[in-house]
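Chemist: Okay, here's the structure, questions in a sec.
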Amino acid sequence: MARLVIVSNRVPDVSEGSGPRAGGLAVGLADALLPGSLWFGWSGARVAERSDKIRSLVSEGVTYATIDLAEDDYHAYYLGFSNATLWPLFHMMPSLVNFDRAGYAAYRDVNEQFANALLKLIQPDDLIWIHDYQLLGVAAALRRFGVRNRIGFFLHIPFPAPAMFDLLPPAEELLQGLLAHDVVGFQTGQDLGHFLSALRQRDIFVQGHDARHDGRLVRGVVTPIGVNAELLNRLAVRAARRVEARRVVDSLSGRALMISADRLDYTKGLPARFDAYGRFLSCFPAQRRRISFLQVAAPSREEVEKYKALRDELDYKAGAINGEYSDFDWVPLRYMTRAAGRGLLAGLFRISRIGLVTPLRDGMNLVAMEYIAAQDEADPGVLILSCFAGAAALLPEALLVNPYDVDEMAEAINAALLMTKEERQERHAALLAQIRTHDAAAYSRSFVSVLAQGACGSG
């Protein structure tokens, strides 16, 4: 079998013999990382000047190879073009886009730096699988350097509608970068449709999900990322017995727990979510003391001014809700701005009657799937999910809401609290069947199988 080479902006934290720490991408790729595989990317370290030094570590038969980023590149490539330009625009928030040519130049340079480092690591028959929006130009650079391997790309965030994508000054070059791959994967059919529409608008030949350009065939696929439901359920059962989870249960005094867990990011819809909870408390006073809301918001990109402003806004809204509605023995909103471990979160999901997942736009959203997997099938909770999360296409039995509609979200919270056990069980069984079908193993297996087609004799 050909060796699989994973390329991502960050490489997961590993130590000799321990394997990668659990994270979204590490979990999604666990079944693809067979002994002999290679994972390449940024180490997370920032240095004074750009360097081509590669460090390697072998853990459980997988080689993890990393390079450092220059401090200037970190600010221009990562905080700049990747997260101040591509991130908001791909999430259809053009008013938050900040573009400058210097940032894009750094983005191209770092993508080329990745490609140069890869040249020293790859073998002629390797399958190369590149991940996400930070690395849209790596394959094009590899092709310029003469690499003929099969190269795939997967976009974990949404691909915007063509009219939105065309707002990017380098839209044409970024599309050319995507066309340098043999396979381009997306979370949803809508994302793939947006990509193919952008190609058609440029008179690039598209037939079905395939595009032909410069004598090459580029195949578009929909392979939604998933979770390992059985593993998560076992983790949740153990974690729900831990002292931290039991302390939460004791503090509820018989009230239902509603939980949200997100990175502190403006795409997650947290201000509107807080407003919706405030609206619920206002419109359904009989329900007030029956619920406690826990929002876990792990810090994210704290150097960026927009994120500091978001944290200040949420601090204000949380204080206003608790100031208006709290009682001597009841705090309606618990707002935690530090990361919680995956095990603890799984335990908290299991003891929660409601999982509130309402991003304004999201590629997939694994938190929604983790919440479902963590539940007790005999007495499950209710998932309230944004219709603009990619997961909504897979999970129609959730209570789907428009995250811009505060009243609809408030009504969904009330409906979830009142829902009978029988309806909760019926909805949960359908949701669980979906996440078991579209799990992490299916994600990596389906993408790699398409990528491997035609690999024999390439190189």
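Please note that chains go A, B, ... in the order of the structure tokens, that every chain numbers its residues from 1, and that ligands are numbered from 1 in the order shown.
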Please return as a PyMOL selection string: the residues of stretch 146-262 of chain A that backbone DSSP assigns to strand (DSSP E).

Modeler: chain A and resi 150-154+183-186+205-207+210-213+216-222+256-262

Chemist: Pick out the residues sitting within 7 Å of stretch 295-298 of chain A, and hand them over as a list of chain:residue names; count only C-alpha atoms, and ignore anything fewer than 2 positions along from it in its own chain.

Modeler: A:Ile259, A:Ser260, A:Ala261, A:Asp262, A:Arg263, A:Leu264, A:Phe293, A:Ser300, A:Arg334, A:Tyr335, A:Met336, A:Thr337, A:Arg338, A:Ala339

Chemist: Skipping near chain neighbours, those fewer than 2 positions away, what residues fall within 9 Å of stretch 66-78 of chain A using only C-alpha atoms, listed as number ranges by chain?

Modeler: A: 10-11, 39-57, 64, 80-84, 102-110, 114, 117, 134

Chemist: DSSP on the backbone, alpha helix (DSSP H) only: what residues of stretch 292-322 of chain A does that give? Format it as an mmCIF file with N, CA and C atoms, in the first residue's frame.

Modeler:
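Here's the written file result_20.cif:
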```cif
data_model
loop_
_atom_site.group_PDB
_atom_site.id
_atom_site.type_symbol
_atom_site.label_atom_id
_atom_site.label_comp_id
_atom_site.auth_asym_id
_atom_site.auth_seq_id
_atom_site.Cartn_x
_atom_site.Cartn_y
_atom_site.Cartn_z
ATOM 1 N N GLU A 305 -7.808 41.608 18.040
ATOM 2 C CA GLU A 305 -8.667 42.575 18.718
ATOM 3 C C GLU A 305 -10.137 42.156 18.689
ATOM 4 N N LYS A 306 -10.598 41.577 17.580
ATOM 5 C CA LYS A 306 -12.010 41.166 17.482
ATOM 6 C C LYS A 306 -12.364 40.153 18.554
ATOM 7 N N TYR A 307 -11.416 39.292 18.909
ATOM 8 C CA TYR A 307 -11.681 38.258 19.899
ATOM 9 C C TYR A 307 -11.695 38.858 21.305
ATOM 10 N N LYS A 308 -10.858 39.846 21.542
ATOM 11 C CA LYS A 308 -10.896 40.543 22.831
ATOM 12 C C LYS A 308 -12.237 41.250 22.999
ATOM 13 N N ALA A 309 -12.710 41.880 21.938
ATOM 14 C CA ALA A 309 -13.992 42.581 21.988
ATOM 15 C C ALA A 309 -15.140 41.599 22.236
ATOM 16 N N LEU A 310 -15.061 40.400 21.620
ATOM 17 C CA LEU A 310 -16.089 39.388 21.831
ATOM 18 C C LEU A 310 -16.127 38.957 23.287
ATOM 19 N N ARG A 311 -14.972 38.753 23.876
ATOM 20 C CA ARG A 311 -14.929 38.333 25.284
ATOM 21 C C ARG A 311 -15.535 39.409 26.183
ATOM 22 N N ASP A 312 -15.227 40.668 25.916
ATOM 23 C CA ASP A 312 -15.806 41.760 26.706
ATOM 24 C C ASP A 312 -17.328 41.785 26.565
ATOM 25 N N GLU A 313 -17.827 41.574 25.345
ATOM 26 C CA GLU A 313 -19.272 41.583 25.115
ATOM 27 C C GLU A 313 -19.957 40.455 25.882
ATOM 28 N N LEU A 314 -19.347 39.275 25.864
ATOM 29 C CA LEU A 314 -19.947 38.144 26.565
ATOM 30 C C LEU A 314 -19.892 38.326 28.072
ATOM 31 N N ASP A 315 -18.804 38.899 28.579
ATOM 32 C CA ASP A 315 -18.735 39.206 30.013
ATOM 33 C C ASP A 315 -19.893 40.108 30.423
ATOM 34 N N TYR A 316 -20.158 41.115 29.607
ATOM 35 C CA TYR A 316 -21.246 42.056 29.904
ATOM 36 C C TYR A 316 -22.602 41.344 29.870
ATOM 37 N N LYS A 317 -22.849 40.547 28.832
ATOM 38 C CA LYS A 317 -24.147 39.883 28.703
ATOM 39 C C LYS A 317 -24.372 38.867 29.822
ATOM 40 N N ALA A 318 -23.324 38.117 30.172
ATOM 41 C CA ALA A 318 -23.458 37.149 31.265
ATOM 42 C C ALA A 318 -23.791 37.855 32.571
ATOM 43 N N GLY A 319 -23.093 38.971 32.837
ATOM 44 C CA GLY A 319 -23.373 39.729 34.049
ATOM 45 C C GLY A 319 -24.791 40.274 34.073
ATOM 46 N N ALA A 320 -25.277 40.741 32.916
ATOM 47 C CA ALA A 320 -26.631 41.298 32.838
ATOM 48 C C ALA A 320 -27.684 40.220 33.101
ATOM 49 N N ILE A 321 -27.497 39.016 32.525
ATOM 50 C CA ILE A 321 -28.461 37.931 32.739
ATOM 51 C C ILE A 321 -28.492 37.517 34.201
ATOM 52 N N ASN A 322 -27.316 37.306 34.772
ATOM 53 C CA ASN A 322 -27.273 36.878 36.171
ATOM 54 C C ASN A 322 -27.737 37.984 37.112
#
```

Chemist: Tell me which of A:Pro88, A:Pro35, A:Gly137, A:Pro224 sits closest to A:Arg445, counting only C-alpha atoms.

Modeler: A:Pro224

Chemist: Considering only C-alpha atoms, return as a VMD selection string whatever protein or nucleic-acid residues lie within 12 Å of A:His131, sequence-local ones (same chain, fewer than 5 positions apart) excluded.

Modeler: chain A and resid 5 to 11 25 to 26 28 to 29 39 to 41 136 to 139 151 to 157 178 181 183 to 186 447

Chemist: I'd like to know which of A:Ala374, A:Val62, A:Val406, A:Ala393 is closest to A:Asn233, using only C-alpha atoms.

Modeler: A:Ala374

Chemist: Write out as a PyMOL selection string which residues come within 10 Å of A:Glu377 when counting only C-alpha atoms, dropping same-chain ones fewer than 3 positions away.

Modeler: chain A and resi 372-374+380-381+424-426+428-429+432

Chemist: With C-alpha atoms retained, write the just-selected residues as a CSV table (one decimal), in the first residue's frame.

Modeler:
```
chain,number,residue,atom,x,y,z
A,372,ILE,CA,-25.3,12.8,21.0
A,373,ALA,CA,-22.7,10.1,21.5
A,374,ALA,CA,-22.3,10.9,25.2
A,380,PRO,CA,-31.2,11.1,26.6
A,381,GLY,CA,-31.0,14.8,26.3
A,424,ARG,CA,-36.3,12.3,23.3
A,425,GLN,CA,-35.5,8.6,22.9
A,426,GLU,CA,-36.9,8.5,19.4
A,428,HIS,CA,-31.8,10.4,19.9
A,429,ALA,CA,-32.0,6.9,18.3
A,432,LEU,CA,-27.1,8.2,17.0
```

Chemist: So, counting only C-alpha atoms, which residue among A:Val58, A:Val14, A:Leu217, A:Val382 is closest to A:Ala256?

Modeler: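 Checking each of A:Val58, A:Val14, A:Leu217, A:Val382 against A:Ala256, counting only C-alpha atoms, the winner is A:Val382.
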
Chemist: Separation of atom CA of A:Leu96 and atom CA of A:Ala392, in Å?

Modeler: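 Distance between the two atoms: 24.7 Å.
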
Chemist: Do you have the atom CA of A:Ser446-atom CA of A:Asp31 distance handy?

Modeler: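 Here the two named atoms are 11.3 Å from each other.
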
Chemist: Which is closer to A:Ala240 than all the others in A:Asp376, A:Glu370, A:Asp407, A:Glu173, using only C-alpha atoms?

Modeler: A:Asp376

Chemist: Quick one: everything within 7 Å of A:Arg150, counting only C-alpha atoms, minus sequence neighbours fewer than 6 positions away in the same chain. Send it as a list of chain:residue names.

Modeler: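 Residues near the query, excluding close chain neighbours: A:Leu127, A:Ile128, A:Asp182, A:Leu451, A:Ala455.
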
Chemist: Would you save the residues of that selection, restricted to N, CA and C atoms, as an mmCIF file, in the first residue's frame?

Modeler:
```
data_model
loop_
_atom_site.group_PDB
_atom_site.id
_atom_site.type_symbol
_atom_site.label_atom_id
_atom_site.label_comp_id
_atom_site.auth_asym_id
_atom_site.auth_seq_id
_atom_site.Cartn_x
_atom_site.Cartn_y
_atom_site.Cartn_z
ATOM 1 N N LEU A 127 0.669 8.945 -1.014
ATOM 2 C CA LEU A 127 -0.590 9.681 -1.141
ATOM 3 C C LEU A 127 -0.511 10.864 -0.187
ATOM 4 N N ILE A 128 -0.688 12.071 -0.715
ATOM 5 C CA ILE A 128 -0.544 13.287 0.086
ATOM 6 C C ILE A 128 -1.933 13.867 0.338
ATOM 7 N N ASP A 182 -5.794 16.348 -6.932
ATOM 8 C CA ASP A 182 -6.535 15.312 -7.657
ATOM 9 C C ASP A 182 -7.928 15.117 -7.070
ATOM 10 N N LEU A 451 -8.855 9.062 -3.138
ATOM 11 C CA LEU A 451 -7.516 9.571 -3.435
ATOM 12 C C LEU A 451 -6.617 8.487 -4.023
ATOM 13 N N ALA A 455 -3.631 5.725 -8.244
ATOM 14 C CA ALA A 455 -2.300 5.972 -7.665
ATOM 15 C C ALA A 455 -1.234 5.057 -8.251
#
```

Chemist: With only C-alpha atoms as the atoms that count, which of A:Glu244, A:Asp275, A:Asp166, A:Glu422 lies nearest to A:Ala410?

Modeler: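 Between A:Glu244, A:Asp275, A:Asp166, A:Glu422, the residue approaching A:Ala410 most closely is A:Asp275.
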
Chemist: Calculate how many Å separate atom CA of A:Glu423 from atom CA of A:Ser253, rounding to one decimal.

Modeler: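 A separation of 24.8 Å between them.
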